[in-house]
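Below: one structure, written as structure tokens.
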Amino acid sequence: MSHTPTSTGVFISWLAFQRRSETLAQDLNLQLAYFHYSWEEKHKALKALSYLCKFVATLWFLIRKKPHVVFVQLAPTPALYAVALYAFFTGVQYISDCHNTMLYDGHWLHWPLAKKLLKRSSLVLVHNEEVKAVADKLGIMSIIYMDPPPAIVPDRSIQQVAGINLKTDRYILLPCNMAADDEPAEAFFAAARQLSHIRFVLTGYIEKIPAYLRPQAPANVHYTGFLAEDAFNALYAHAHAAIVLSTREGTQPSGASEAIALGIPLLVTDLLTTRKIYKDWVMFTRNTADSLVQHIGALLEHREQYASRIAFARLSIEKQTNAQRLKLQECLHSLNTQDLSTATH
């Protein structure tokens, strides 16, 4: 899938969809190109094979498009290999948009040449101060670009998604599948069992859920599978509340940005980073079943209060990200003169 503006810059993402990539590409007038195959989610061996397919497809796309600048979402590291190889032969500038797993605590940075190729990036984007500190220690020049609240316009004509009636059904949305390493699946399922009167809706690829986790999901947990953007937006916009959980410090979850954009009352994991970003605009929880039960109940009890606070969250975060966007645009302008020192320090 590819979105094509008039710019000759491109944004490469090896996912089916990523909200941050969508927003960055739109803000910077880049052509966004996704490289993803539905079959790759069925097995780890197929995922490995997909990297080879995507490597070739990415190179061919770049050769055809001949962009003047290439943004690449990281991880995975093989996407960096493809972009860096193209840049080596053409001299084009490439910019690495590093999600936390690339720098903070994932294995991707330990792949061959990963650090070297990151340092060769004209610029590295990171999500927050905690991750920037890690980049600094690695000698990688970076600037902070938080996830801004995206511009989401739900299709109000959609009345049903994955068997859920958006007009009549009440549910709490978790915009994930609880399969990622930093998602406290067992604690959440234990909490959901205690809250059997509440319907929880989870999105994302069902195939990625480990076999040992699937039986732990109680009957009030509904999986939609991966959704098209319009369906996902409609489902999120009608949620009674949203929950975004992570065990990883340094995380600004994109699901939280979507909730803020849509004005949905939000419960997030209590981390140093989330406290710094979301202040008192959202409700915080520990990643334990007891804490989740307590704070889900409290969020629903004070739902209207937190719905009004979300509006302040959006204004504050937009103010920060607008300033960061100007700095990023200044850096991009500086690429033409090969002098990023003034813009990044």
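Within each chain, counting starts at residue 1; across the structure tokens, chains are named A, B, ... in the order shown, with ligands numbered 1 upward in that order.
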Could you build a table of the residues in range 246-335 of chain A lying no more than 12 Å from range 137-152 of chain A, giving for each the nearest pair of atoms and their separation in Å rounded to one decimal place, using only C-alpha atoms, ordered by chain and ascending residue number, as JSON lines?
```
{"residue": "A:Gly250", "atom": "CA", "partner": "A:Met146", "partner_atom": "CA", "distance": 11.4}
{"residue": "A:Thr251", "atom": "CA", "partner": "A:Met146", "partner_atom": "CA", "distance": 10.3}
{"residue": "A:Gln252", "atom": "CA", "partner": "A:Asp147", "partner_atom": "CA", "distance": 7.4}
{"residue": "A:Pro253", "atom": "CA", "partner": "A:Asp147", "partner_atom": "CA", "distance": 8.3}
{"residue": "A:Ser254", "atom": "CA", "partner": "A:Asp147", "partner_atom": "CA", "distance": 6.8}
{"residue": "A:Gly255", "atom": "CA", "partner": "A:Pro149", "partner_atom": "CA", "distance": 10.0}
{"residue": "A:Ala256", "atom": "CA", "partner": "A:Pro149", "partner_atom": "CA", "distance": 8.8}
{"residue": "A:Ser257", "atom": "CA", "partner": "A:Pro149", "partner_atom": "CA", "distance": 5.0}
{"residue": "A:Glu258", "atom": "CA", "partner": "A:Pro149", "partner_atom": "CA", "distance": 6.3}
{"residue": "A:Ala259", "atom": "CA", "partner": "A:Pro149", "partner_atom": "CA", "distance": 8.4}
{"residue": "A:Ile260", "atom": "CA", "partner": "A:Pro149", "partner_atom": "CA", "distance": 6.4}
{"residue": "A:Ala261", "atom": "CA", "partner": "A:Pro149", "partner_atom": "CA", "distance": 4.9}
{"residue": "A:Leu262", "atom": "CA", "partner": "A:Ile152", "partner_atom": "CA", "distance": 7.2}
{"residue": "A:Gly263", "atom": "CA", "partner": "A:Pro149", "partner_atom": "CA", "distance": 10.3}
{"residue": "A:Thr273", "atom": "CA", "partner": "A:Met146", "partner_atom": "CA", "distance": 11.5}
{"residue": "A:Thr274", "atom": "CA", "partner": "A:Met146", "partner_atom": "CA", "distance": 12.0}
{"residue": "A:Ile277", "atom": "CA", "partner": "A:Met146", "partner_atom": "CA", "distance": 9.5}
{"residue": "A:Ile310", "atom": "CA", "partner": "A:Pro149", "partner_atom": "CA", "distance": 11.0}
{"residue": "A:Ala311", "atom": "CA", "partner": "A:Pro149", "partner_atom": "CA", "distance": 10.9}
{"residue": "A:Phe312", "atom": "CA", "partner": "A:Pro149", "partner_atom": "CA", "distance": 11.9}
{"residue": "A:Ala313", "atom": "CA", "partner": "A:Pro149", "partner_atom": "CA", "distance": 9.4}
{"residue": "A:Arg314", "atom": "CA", "partner": "A:Pro149", "partner_atom": "CA", "distance": 6.5}
{"residue": "A:Leu315", "atom": "CA", "partner": "A:Pro149", "partner_atom": "CA", "distance": 9.2}
{"residue": "A:Ser316", "atom": "CA", "partner": "A:Pro148", "partner_atom": "CA", "distance": 10.2}
{"residue": "A:Ile317", "atom": "CA", "partner": "A:Pro148", "partner_atom": "CA", "distance": 6.6}
{"residue": "A:Glu318", "atom": "CA", "partner": "A:Pro148", "partner_atom": "CA", "distance": 6.1}
{"residue": "A:Lys319", "atom": "CA", "partner": "A:Pro148", "partner_atom": "CA", "distance": 9.2}
{"residue": "A:Gln320", "atom": "CA", "partner": "A:Met146", "partner_atom": "CA", "distance": 8.1}
{"residue": "A:Thr321", "atom": "CA", "partner": "A:Pro148", "partner_atom": "CA", "distance": 5.7}
{"residue": "A:Asn322", "atom": "CA", "partner": "A:Pro148", "partner_atom": "CA", "distance": 8.3}
{"residue": "A:Ala323", "atom": "CA", "partner": "A:Tyr145", "partner_atom": "CA", "distance": 9.4}
{"residue": "A:Gln324", "atom": "CA", "partner": "A:Tyr145", "partner_atom": "CA", "distance": 5.8}
{"residue": "A:Arg325", "atom": "CA", "partner": "A:Tyr145", "partner_atom": "CA", "distance": 7.2}
{"residue": "A:Leu326", "atom": "CA", "partner": "A:Tyr145", "partner_atom": "CA", "distance": 10.3}
{"residue": "A:Lys327", "atom": "CA", "partner": "A:Ile143", "partner_atom": "CA", "distance": 8.5}
{"residue": "A:Leu328", "atom": "CA", "partner": "A:Ile143", "partner_atom": "CA", "distance": 7.8}
{"residue": "A:Gln329", "atom": "CA", "partner": "A:Tyr145", "partner_atom": "CA", "distance": 11.2}
{"residue": "A:Glu330", "atom": "CA", "partner": "A:Ile143", "partner_atom": "CA", "distance": 11.5}
{"residue": "A:Cys331", "atom": "CA", "partner": "A:Ile143", "partner_atom": "CA", "distance": 9.3}
{"residue": "A:Leu332", "atom": "CA", "partner": "A:Ile143", "partner_atom": "CA", "distance": 11.8}
```
Next item on the list: Tell me which protein, DNA and RNA residues are within 12 Å of Phe226 in chain A, counting only C-alpha atoms, leaving out same-chain ones fewer than 5 positions away, and put them as a PyMOL selection string.
Entry: chain A and resi 15-17+38+41+161-162+175-177+202-208+231-232
Mind writing the picked residues with C-alpha atoms as a compact mmCIF listing (two decimals), in the first residue's frame?
```txt
# COMPACT_ATOMS: atom_id res chain seq x y z
CA LEU A 15 4.33 -3.00 8.66
CA ALA A 16 0.74 -3.27 7.49
CA PHE A 17 -0.08 0.06 9.14
CA SER A 38 -0.54 -11.23 5.57
CA GLU A 41 2.27 -13.38 10.66
CA VAL A 161 -17.02 -3.99 13.07
CA ALA A 162 -16.05 -7.62 13.65
CA PRO A 175 -5.61 -1.32 20.46
CA CYS A 176 -3.28 -4.34 20.57
CA ASN A 177 -3.38 -8.14 20.68
CA LEU A 202 -8.59 -6.29 21.34
CA THR A 203 -7.26 -5.67 17.83
CA GLY A 204 -4.21 -6.91 15.92
CA TYR A 205 -3.18 -10.16 14.30
CA ILE A 206 -4.62 -13.16 16.14
CA GLU A 207 -1.89 -15.32 14.58
CA LYS A 208 0.76 -13.51 16.60
CA ALA A 231 -12.87 0.00 10.57
CA PHE A 232 -10.24 0.49 13.28
```
Which residues are near Tyr37 in chain A? Cut-off 12 Å, only C-alpha atoms, ignore same chain within fewer than 6 positions. Put them as a list in words. Met1, Trp14, Leu15, Ala16, Phe17, Leu46, Lys47, Ala48, Leu49, Ser50, Tyr51, Leu52, Cys53, Lys54 and Ala57 of chain A
(request) Please run DSSP on the backbone and report, as number ranges by chain, all residues within range 131-295 of chain A that come out as strand (DSSP E). (result) A: 142-144, 160-161, 164-165, 172-174, 200-202, 221-223, 241-244, 266-269, 283-285
For CA of Ala239 in chain A and CA of Arg193 in chain A, determine how far apart the two atoms are, in Å to one decimal place.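 Value for the CA of Ala239 in chain A-CA of Arg193 in chain A distance: 19.8 Å.
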task = Check range 44-196 of chain A with DSSP on the backbone and list each residue it calls helix (DSSP H, G or I), as a PyMOL selection string.
result = chain A and resi 44-65+77-90+100-103+108-110+114-120+129-137+185-194
What's around range 281-298 of chain A at 9 Å? Count only C-alpha atoms, leave out sequence neighbours fewer than 2 positions away in its own chain, and write the answer as JSON, numbers by chain. {"A": [183, 184, 186, 187, 188, 189, 190, 191, 192, 194, 195, 243, 245, 246, 247, 265, 266, 267, 268, 269, 270, 271, 274, 275, 278, 279, 300, 301, 302, 303, 306, 307, 308, 309, 310, 311, 312, 313]}
**Message:** Neighbouring residues of range 88-105 of chain A were defined as those with any atom within 9 Å, considering only C-alpha atoms; residues of the same chain fewer than 4 positions away were excluded. Please report them as number ranges by chain.
**Reply:** A: 21, 66-77, 80, 83-84, 109, 118, 120-127, 130-131, 134-135, 248-252, 335
Residues of the last selection are to be written out with N, CA, C and O atoms, as a CSV table (one decimal), in the first residue's frame.
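What follows is the written file result-v1.csv:
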```
chain,number,residue,atom,x,y,z
A,21,SER,N,3.9,6.6,11.4
A,21,SER,CA,4.4,6.8,10.0
A,21,SER,C,3.4,7.6,9.1
A,21,SER,O,3.8,8.4,8.3
A,66,LYS,N,13.3,6.8,-7.3
A,66,LYS,CA,14.5,7.7,-7.2
A,66,LYS,C,14.2,8.9,-6.3
A,66,LYS,O,14.3,10.1,-6.7
A,67,PRO,N,13.9,8.7,-5.0
A,67,PRO,CA,13.6,9.8,-4.1
A,67,PRO,C,14.9,10.6,-3.7
A,67,PRO,O,16.0,10.1,-3.8
A,68,HIS,N,14.7,11.8,-3.3
A,68,HIS,CA,15.8,12.7,-2.9
A,68,HIS,C,16.1,12.5,-1.4
A,68,HIS,O,17.2,12.8,-0.9
A,69,VAL,N,15.2,11.9,-0.6
A,69,VAL,CA,15.4,11.6,0.8
A,69,VAL,C,14.5,10.4,1.1
A,69,VAL,O,13.4,10.3,0.6
A,70,VAL,N,15.0,9.5,2.0
A,70,VAL,CA,14.3,8.3,2.4
A,70,VAL,C,14.2,8.3,3.9
A,70,VAL,O,15.2,8.3,4.6
A,71,PHE,N,13.0,8.2,4.4
A,71,PHE,CA,12.7,8.0,5.8
A,71,PHE,C,12.5,6.5,5.9
A,71,PHE,O,11.8,5.9,5.1
A,72,VAL,N,12.9,5.8,7.0
A,72,VAL,CA,12.7,4.4,7.2
A,72,VAL,C,12.3,4.2,8.7
A,72,VAL,O,13.0,4.7,9.6
A,73,GLN,N,11.2,3.5,8.9
A,73,GLN,CA,10.8,3.2,10.2
A,73,GLN,C,11.6,1.9,10.7
A,73,GLN,O,11.6,0.9,10.0
A,74,LEU,N,12.1,2.0,11.9
A,74,LEU,CA,12.9,1.0,12.5
A,74,LEU,C,12.4,0.7,13.9
A,74,LEU,O,12.0,1.6,14.6
A,75,ALA,N,12.3,-0.6,14.3
A,75,ALA,CA,12.8,-1.8,13.7
A,75,ALA,C,11.8,-2.2,12.6
A,75,ALA,O,10.7,-1.6,12.4
A,76,PRO,N,12.2,-3.2,11.8
A,76,PRO,CA,13.3,-4.2,11.9
A,76,PRO,C,14.6,-3.7,11.2
A,76,PRO,O,14.6,-2.8,10.3
A,77,THR,N,15.7,-4.2,11.6
A,77,THR,CA,17.0,-3.8,11.1
A,77,THR,C,17.2,-4.1,9.6
A,77,THR,O,17.8,-3.3,8.9
A,80,LEU,N,16.6,-1.2,7.5
A,80,LEU,CA,17.7,-0.3,7.4
A,80,LEU,C,18.8,-0.8,6.4
A,80,LEU,O,19.4,0.0,5.7
A,83,VAL,N,17.6,0.3,2.9
A,83,VAL,CA,17.7,1.7,2.6
A,83,VAL,C,19.2,2.2,2.6
A,83,VAL,O,19.6,3.0,1.7
A,84,ALA,N,20.0,1.6,3.5
A,84,ALA,CA,21.4,2.0,3.5
A,84,ALA,C,22.1,1.6,2.3
A,84,ALA,O,23.0,2.3,1.7
A,109,LEU,N,19.4,-3.8,17.5
A,109,LEU,CA,20.6,-3.0,17.5
A,109,LEU,C,21.8,-3.9,17.5
A,109,LEU,O,22.9,-3.4,17.1
A,118,LEU,N,23.1,3.1,11.5
A,118,LEU,CA,22.4,4.2,12.2
A,118,LEU,C,23.2,5.5,12.3
A,118,LEU,O,22.6,6.5,12.1
A,120,ARG,N,25.4,6.4,10.3
A,120,ARG,CA,25.5,7.0,9.0
A,120,ARG,C,24.2,7.7,8.5
A,120,ARG,O,24.2,8.4,7.5
A,121,SER,N,23.1,7.5,9.3
A,121,SER,CA,21.9,8.2,9.0
A,121,SER,C,22.1,9.7,9.0
A,121,SER,O,22.8,10.2,9.9
A,122,SER,N,21.5,10.4,8.1
A,122,SER,CA,21.6,11.9,8.2
A,122,SER,C,20.9,12.4,9.4
A,122,SER,O,21.3,13.5,10.0
A,123,LEU,N,20.0,11.7,9.9
A,123,LEU,CA,19.3,12.1,11.2
A,123,LEU,C,18.6,10.8,11.7
A,123,LEU,O,18.1,10.0,11.0
A,124,VAL,N,18.5,10.8,13.1
A,124,VAL,CA,17.8,9.7,13.7
A,124,VAL,C,16.7,10.4,14.6
A,124,VAL,O,17.0,11.3,15.4
A,125,LEU,N,15.4,9.9,14.4
A,125,LEU,CA,14.3,10.4,15.3
A,125,LEU,C,14.1,9.4,16.4
A,125,LEU,O,14.0,8.2,16.1
A,126,VAL,N,13.8,9.9,17.6
A,126,VAL,CA,13.4,9.1,18.7
A,126,VAL,C,12.2,9.7,19.4
A,126,VAL,O,11.9,10.9,19.1
A,127,HIS,N,11.6,8.9,20.2
A,127,HIS,CA,10.2,9.3,20.8
A,127,HIS,C,10.3,10.2,22.0
A,127,HIS,O,9.3,11.0,22.2
A,130,GLU,N,14.1,9.8,27.3
A,130,GLU,CA,14.7,8.6,27.8
A,130,GLU,C,15.4,7.9,26.7
A,130,GLU,O,16.6,7.4,26.8
A,131,VAL,N,14.8,7.8,25.5
A,131,VAL,CA,15.4,7.0,24.4
A,131,VAL,C,16.5,7.9,23.8
A,131,VAL,O,17.5,7.3,23.3
A,134,VAL,N,19.7,7.2,25.5
A,134,VAL,CA,20.3,5.9,25.0
A,134,VAL,C,21.1,6.2,23.7
A,134,VAL,O,22.2,5.7,23.5
A,135,ALA,N,20.5,6.9,22.8
A,135,ALA,CA,21.1,7.2,21.5
A,135,ALA,C,22.4,8.0,21.8
A,135,ALA,O,23.4,7.8,21.1
A,248,ARG,N,7.5,-1.5,29.4
A,248,ARG,CA,8.8,-1.0,29.0
A,248,ARG,C,8.9,0.5,29.2
A,248,ARG,O,8.0,1.3,28.7
A,249,GLU,N,9.8,0.9,30.1
A,249,GLU,CA,10.1,2.3,30.3
A,249,GLU,C,10.5,3.0,28.9
A,249,GLU,O,11.0,2.3,28.0
A,250,GLY,N,10.3,4.3,28.8
A,250,GLY,CA,10.6,5.0,27.6
A,250,GLY,C,9.6,4.9,26.5
A,250,GLY,O,9.8,5.4,25.4
A,251,THR,N,8.4,4.4,26.9
A,251,THR,CA,7.4,4.1,25.9
A,251,THR,C,6.3,5.3,25.8
A,251,THR,O,5.8,5.6,26.9
A,252,GLN,N,6.1,5.8,24.6
A,252,GLN,CA,4.9,6.6,24.4
A,252,GLN,C,4.1,5.8,23.4
A,252,GLN,O,4.2,5.9,22.2
A,335,LEU,N,19.8,19.5,5.6
A,335,LEU,CA,20.4,18.5,4.8
A,335,LEU,C,21.0,19.0,3.5
A,335,LEU,O,22.0,18.4,3.0
```
* **Between CA of Trp108 in chain A and CA of Ala133 in chain A - distance in Å to one decimal** =>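 Interatomic distance here is 17.7 Å.
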Using only C-alpha atoms, which residues sit within 12 Å of Asp169 in chain A once same-chain residues fewer than 2 positions away are excluded, as a list in words?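 What passes the distance filter is Gln159, Gln160, Val161, Gly163, Ile164, Asn165, Leu166, Lys167, Tyr171, Ile172, Leu173, Ile198, Arg199, Phe200, Val201, Leu235, His238, Ala239 and His240 of chain A.
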Pairwise distance, CA of Tyr81 in chain A with CA of Ile63 in chain A, equals 14.8 Å
With distances taken over only C-alpha atoms, the candidate from A:Lys42, A:His333, A:His197, A:Arg214 nearest Leu28 in chain A is A:His333
